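Peer 1: Here it is, the structure, as structure tokens.
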Amino acid sequence: MLSSLINEPGVSWDKVTVFHLDEYVGLSETHPASFRKYLKERFANKLPDLKQFHYVNAEDDPQVECRRLNAIIQEIQIDVVCIGIGENGHLAFNDPPADFDTEVPFIVVTLDEACRKQQHSEGWFPTFEDVPEKAISMSIRQIMKSICIVCTVPDERKAPAVRGAVEGGITNSVPASILQSHADCHLFLDAPVASLLSK
Amino acid sequence: MQIDVSKTKIEMGRAAARKAAESLKLLFMRRDPRA
């Protein structure tokens with residue numbers, strides 16, 4: 001999705017400020033699983049005109065980093081969130097049971113076993129034990145404040161999570177189900193991940 | 001929630017990118033119609 005987005009014509013990137021959604025606590029930017037590394041290499045470095053990119057750097061004290069980011073984002077209206085859904089139904093790193101109530105924009109979260117297993121099975125970490133237990137994540141309420149949400153979810157392994165998010169009730173045990181209540185949410189799926197939807 | 005299903009992951013990514021870009025352009029225009 002990002003590789004396509006950077007090639008979309010007519011976007012005034014010099015007006016775009018980006019906020020990073022989530023990052024592992026204690027992980028250096030040189031680690032293969034670092035989302036800062038991923039986003040710099042596949043997005044920001046390819047857009048030299050981009051106005052600004054606020055990265056989440058959780059290598060040191062995550063509470064200090066949250067306070068720094070919260071001070072920046074609190075006065076800003078986010079236009080578009082680009083997001084995915086995890087195998088456990090998470091949004092960003094808001095694993096179930098997600099906090100649907102906090103108004104704090106960036107929070108420190110504990111990653112559940114399913115999330116950590118996904119990160120290991122995708123090959124980002126050599127062992128399950130290497131996957132950090134904590135992360136900084138944009139909160140659910142902050143994500144929902146965006147005017148538009150573009151959510152992309154590929155792969156059959158996420159089909160149960162997508163079914164739960166779309167066809168189940170809104171519940172913090174399936175964090176992505178909150179998207180049902182957003183006024184302008186667009187969910188993009190490939191055929192395998194949509195295979196369990198009833199219509 | 002609007003749902004768009006593509007045959008492949010690549011097509012899905014392109015469709016999502018198109019939507020994100022359209023939304024950015026539209027919201028910029030609403031904020032500053034002269035731009």
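Naming scheme: A, B, ... for chains in displayed order of the structure tokens; residues 1 onward per chain; ligands 1 onward as shown.
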What's around Ile178 (chain A) at 9 Å? Count only C-alpha atoms, leave out sequence neighbours fewer than 2 positions away in its own chain, and write the answer as a PyMOL selection string.

Peer 2: chain A and resi 100+140+144+165+169-172+174-176+180-182

Peer 1: Filtering to C-alpha atoms, could you give me those residues as a JSON list (two decimals), in the first residue's frame?

Peer 2:
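Done, and the output landed in result-v9.json:
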```
[["chain", "number", "residue", "atom", "x", "y", "z"],
["A", 100, "PHE", "CA", -11.70, 2.16, 24.11],
["A", 140, "ILE", "CA", -8.04, 3.75, 19.77],
["A", 144, "MET", "CA", -10.98, 7.23, 15.57],
["A", 165, "ALA", "CA", -14.31, -6.80, 13.04],
["A", 169, "GLY", "CA", -20.63, -6.53, 17.56],
["A", 170, "ILE", "CA", -18.41, -3.68, 18.65],
["A", 171, "THR", "CA", -16.28, -5.01, 21.46],
["A", 172, "ASN", "CA", -12.84, -4.32, 22.86],
["A", 174, "VAL", "CA", -11.95, -7.36, 18.81],
["A", 175, "PRO", "CA", -10.41, -3.89, 18.78],
["A", 176, "ALA", "CA", -10.89, -3.36, 15.03],
["A", 180, "GLN", "CA", -17.88, 0.02, 12.42],
["A", 181, "SER", "CA", -18.72, 3.22, 14.27],
["A", 182, "HIS", "CA", -16.50, 5.53, 12.20]]
```

Peer 1: Near chain B, which residues of chain A fall within 9 Å when you count only C-alpha atoms, and what do they look like as number ranges by chain?

Peer 2: A: 1-12, 15-16, 79-82, 147-155, 166, 179-194

Peer 1: Write out, as a PDB file, in the first residue's frame, the residues just selected, with C-alpha atoms.

Peer 2:
```pdb
ATOM      1  CA  MET A   1       0.000   0.000   0.000  1.00  0.00           C
ATOM      2  CA  LEU A   2       2.776   2.448   0.932  1.00  0.00           C
ATOM      3  CA  SER A   3       4.690   1.647  -2.250  1.00  0.00           C
ATOM      4  CA  SER A   4       1.603   2.582  -4.234  1.00  0.00           C
ATOM      5  CA  LEU A   5       0.804   5.643  -2.142  1.00  0.00           C
ATOM      6  CA  ILE A   6       4.173   7.283  -2.757  1.00  0.00           C
ATOM      7  CA  ASN A   7       3.501   7.051  -6.498  1.00  0.00           C
ATOM      8  CA  GLU A   8      -0.005   8.499  -6.396  1.00  0.00           C
ATOM      9  CA  PRO A   9      -0.117  11.687  -8.500  1.00  0.00           C
ATOM     10  CA  GLY A  10      -1.248  15.064  -7.221  1.00  0.00           C
ATOM     11  CA  VAL A  11      -0.559  14.716  -3.499  1.00  0.00           C
ATOM     12  CA  SER A  12       1.116  17.826  -2.071  1.00  0.00           C
ATOM     13  CA  LYS A  15       1.826  19.880   3.176  1.00  0.00           C
ATOM     14  CA  VAL A  16       1.673  16.440   4.779  1.00  0.00           C
ATOM     15  CA  ASP A  79      -7.043  13.830   8.151  1.00  0.00           C
ATOM     16  CA  VAL A  80      -6.272  10.253   7.143  1.00  0.00           C
ATOM     17  CA  VAL A  81      -5.149   7.216   9.096  1.00  0.00           C
ATOM     18  CA  CYS A  82      -3.615   4.337   7.145  1.00  0.00           C
ATOM     19  CA  ILE A 147     -11.585  12.305   9.431  1.00  0.00           C
ATOM     20  CA  CYS A 148     -10.960   9.327   7.153  1.00  0.00           C
ATOM     21  CA  ILE A 149      -9.641   5.845   7.913  1.00  0.00           C
ATOM     22  CA  VAL A 150      -8.103   3.654   5.204  1.00  0.00           C
ATOM     23  CA  CYS A 151      -7.648   0.126   6.509  1.00  0.00           C
ATOM     24  CA  THR A 152      -5.895  -2.544   4.457  1.00  0.00           C
ATOM     25  CA  VAL A 153      -5.854  -6.220   5.403  1.00  0.00           C
ATOM     26  CA  PRO A 154      -4.401  -8.975   3.227  1.00  0.00           C
ATOM     27  CA  ASP A 155      -3.870 -12.723   3.779  1.00  0.00           C
ATOM     28  CA  VAL A 166     -16.977  -6.487  10.354  1.00  0.00           C
ATOM     29  CA  LEU A 179     -14.183   0.844  12.975  1.00  0.00           C
ATOM     30  CA  GLN A 180     -17.875   0.016  12.420  1.00  0.00           C
ATOM     31  CA  SER A 181     -18.720   3.220  14.274  1.00  0.00           C
ATOM     32  CA  HIS A 182     -16.503   5.528  12.198  1.00  0.00           C
ATOM     33  CA  ALA A 183     -18.261   7.843   9.740  1.00  0.00           C
ATOM     34  CA  ASP A 184     -15.741   7.456   6.908  1.00  0.00           C
ATOM     35  CA  CYS A 185     -13.895   4.154   7.178  1.00  0.00           C
ATOM     36  CA  HIS A 186     -12.808   2.271   4.060  1.00  0.00           C
ATOM     37  CA  LEU A 187     -11.727  -1.342   4.449  1.00  0.00           C
ATOM     38  CA  PHE A 188      -9.618  -2.803   1.642  1.00  0.00           C
ATOM     39  CA  LEU A 189      -9.288  -6.587   1.541  1.00  0.00           C
ATOM     40  CA  ASP A 190      -7.825  -9.193  -0.767  1.00  0.00           C
ATOM     41  CA  ALA A 191      -9.997 -12.160  -1.715  1.00  0.00           C
ATOM     42  CA  PRO A 192      -8.503 -14.682   0.748  1.00  0.00           C
ATOM     43  CA  VAL A 193      -8.954 -12.431   3.793  1.00  0.00           C
ATOM     44  CA  ALA A 194     -12.557 -11.716   2.768  1.00  0.00           C
TER      45      ALA A 194
END
```

Peer 1: Where in region 23-182 of chain A does DSSP assign strand (DSSP E or B), given as a PyMOL selection string?

Peer 2: chain A and resi 23-24+52-54+80-83+91+94+106-110+134-138+148-153+171+174

Peer 1: Only C-alpha atoms, please: the residues just picked out, written as a compact mmCIF listing (two decimals), in the first residue's frame.

Peer 2:
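Below you can see selection_8.txt, which holds the result:
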```txt
# COMPACT_ATOMS: atom_id res chain seq x y z
CA GLU A 23 6.75 1.01 17.94
CA TYR A 24 8.24 -1.62 20.23
CA GLN A 52 7.34 16.30 8.58
CA PHE A 53 7.36 12.78 10.02
CA HIS A 54 6.92 12.29 13.76
CA VAL A 80 -6.27 10.25 7.14
CA VAL A 81 -5.15 7.22 9.10
CA CYS A 82 -3.62 4.34 7.14
CA ILE A 83 -3.88 1.24 9.26
CA LEU A 91 -5.52 -1.81 15.64
CA ASN A 94 -4.02 -1.98 20.81
CA PHE A 106 -0.16 7.78 22.61
CA ILE A 107 -0.05 5.11 25.32
CA VAL A 108 2.22 2.33 26.53
CA VAL A 109 0.59 -1.05 25.90
CA THR A 110 1.31 -4.67 26.75
CA LYS A 134 5.67 -3.61 25.56
CA ALA A 135 5.08 -1.04 22.87
CA ILE A 136 3.94 2.52 22.36
CA SER A 137 0.75 2.77 20.35
CA MET A 138 -1.56 5.47 19.12
CA CYS A 148 -10.96 9.33 7.15
CA ILE A 149 -9.64 5.84 7.91
CA VAL A 150 -8.10 3.65 5.20
CA CYS A 151 -7.65 0.13 6.51
CA THR A 152 -5.90 -2.54 4.46
CA VAL A 153 -5.85 -6.22 5.40
CA THR A 171 -16.28 -5.01 21.46
CA VAL A 174 -11.95 -7.36 18.81
```

Peer 1: Report as a PyMOL selection string: the residues of region 69-174 of chain A with a DSSP assignment of helix (DSSP H, G or I), based on the backbone of this structure.

Peer 2: chain A and resi 69-73+113-121+128-130+140-144+156-167

Peer 1: Taking 4 positions as the minimum chain separation for residues in the same chain, which residues sit within 10 Å of Gln77 (chain A) when counting only C-alpha atoms? Answer as a PDB file with C-alpha atoms, in the first residue's frame.

Peer 2:
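The new file result_20.pdb reads:
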```
ATOM      1  CA  ILE A  73      -0.466  15.782  18.361  1.00  0.00           C
ATOM      2  CA  GLN A 142      -6.934   8.998  18.692  1.00  0.00           C
ATOM      3  CA  LYS A 145     -10.572  11.028  15.582  1.00  0.00           C
ATOM      4  CA  SER A 146      -9.207  10.909  12.052  1.00  0.00           C
ATOM      5  CA  ILE A 147     -11.585  12.305   9.431  1.00  0.00           C
TER       6      ILE A 147
END
```

Peer 1: So, with only C-alpha atoms as the atoms that count, which of A:Glu156, A:Asp60, A:Glu87, A:Asp49 lies closest to Gln118 (chain A)?

Peer 2: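 Among A:Glu156, A:Asp60, A:Glu87, A:Asp49, it is A:Glu87 that comes nearest to Gln118 (chain A).
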
Peer 1: Give the answer as one residue: which of A:Ser195, A:Ala33, A:Trp13, A:Leu27 has the shortest atom-to-atom distance to His120 (chain A), using only C-alpha atoms?

Peer 2: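 The shortest atom-to-atom distance to His120 (chain A) comes from A:Ala33.
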
Peer 1: Between CA of Ile143 (chain A) and CA of Asp95 (chain A), what is the spacing in Å?

Peer 2: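 Between CA of Asp95 (chain A) and CA of Ile143 (chain A) the gap is 14.0 Å.
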
Peer 1: Restricting the calculation to only C-alpha atoms, which member of A:Ala98, A:Glu59, A:Gln74, A:Pro160 is positioned closest to His31 (chain A)?

Peer 2: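 That would be A:Glu59, the residue with the smallest distance to His31 (chain A).
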
Peer 1: In Å, rounded to a single decimal, give me how far CA of Gly84 (chain A) is from CA of Ala44 (chain A).

Peer 2: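 Computed distance, CA of Ala44 (chain A) to CA of Gly84 (chain A), equals 18.6 Å.
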
Peer 1: What separation in Å, quoted to one decimal, exists between CA of Tyr55 (chain A) and CA of Asp130 (chain A)?

Peer 2: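 CA of Tyr55 (chain A) sits 22.4 Å away from CA of Asp130 (chain A).
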
Peer 1: Closest to Leu50 (chain A) among A:Pro105, A:Pro132, A:Arg67, A:Val18, using only C-alpha atoms?

Peer 2: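 When distances to Leu50 (chain A) are compared using only C-alpha atoms, the smallest one comes from A:Val18.
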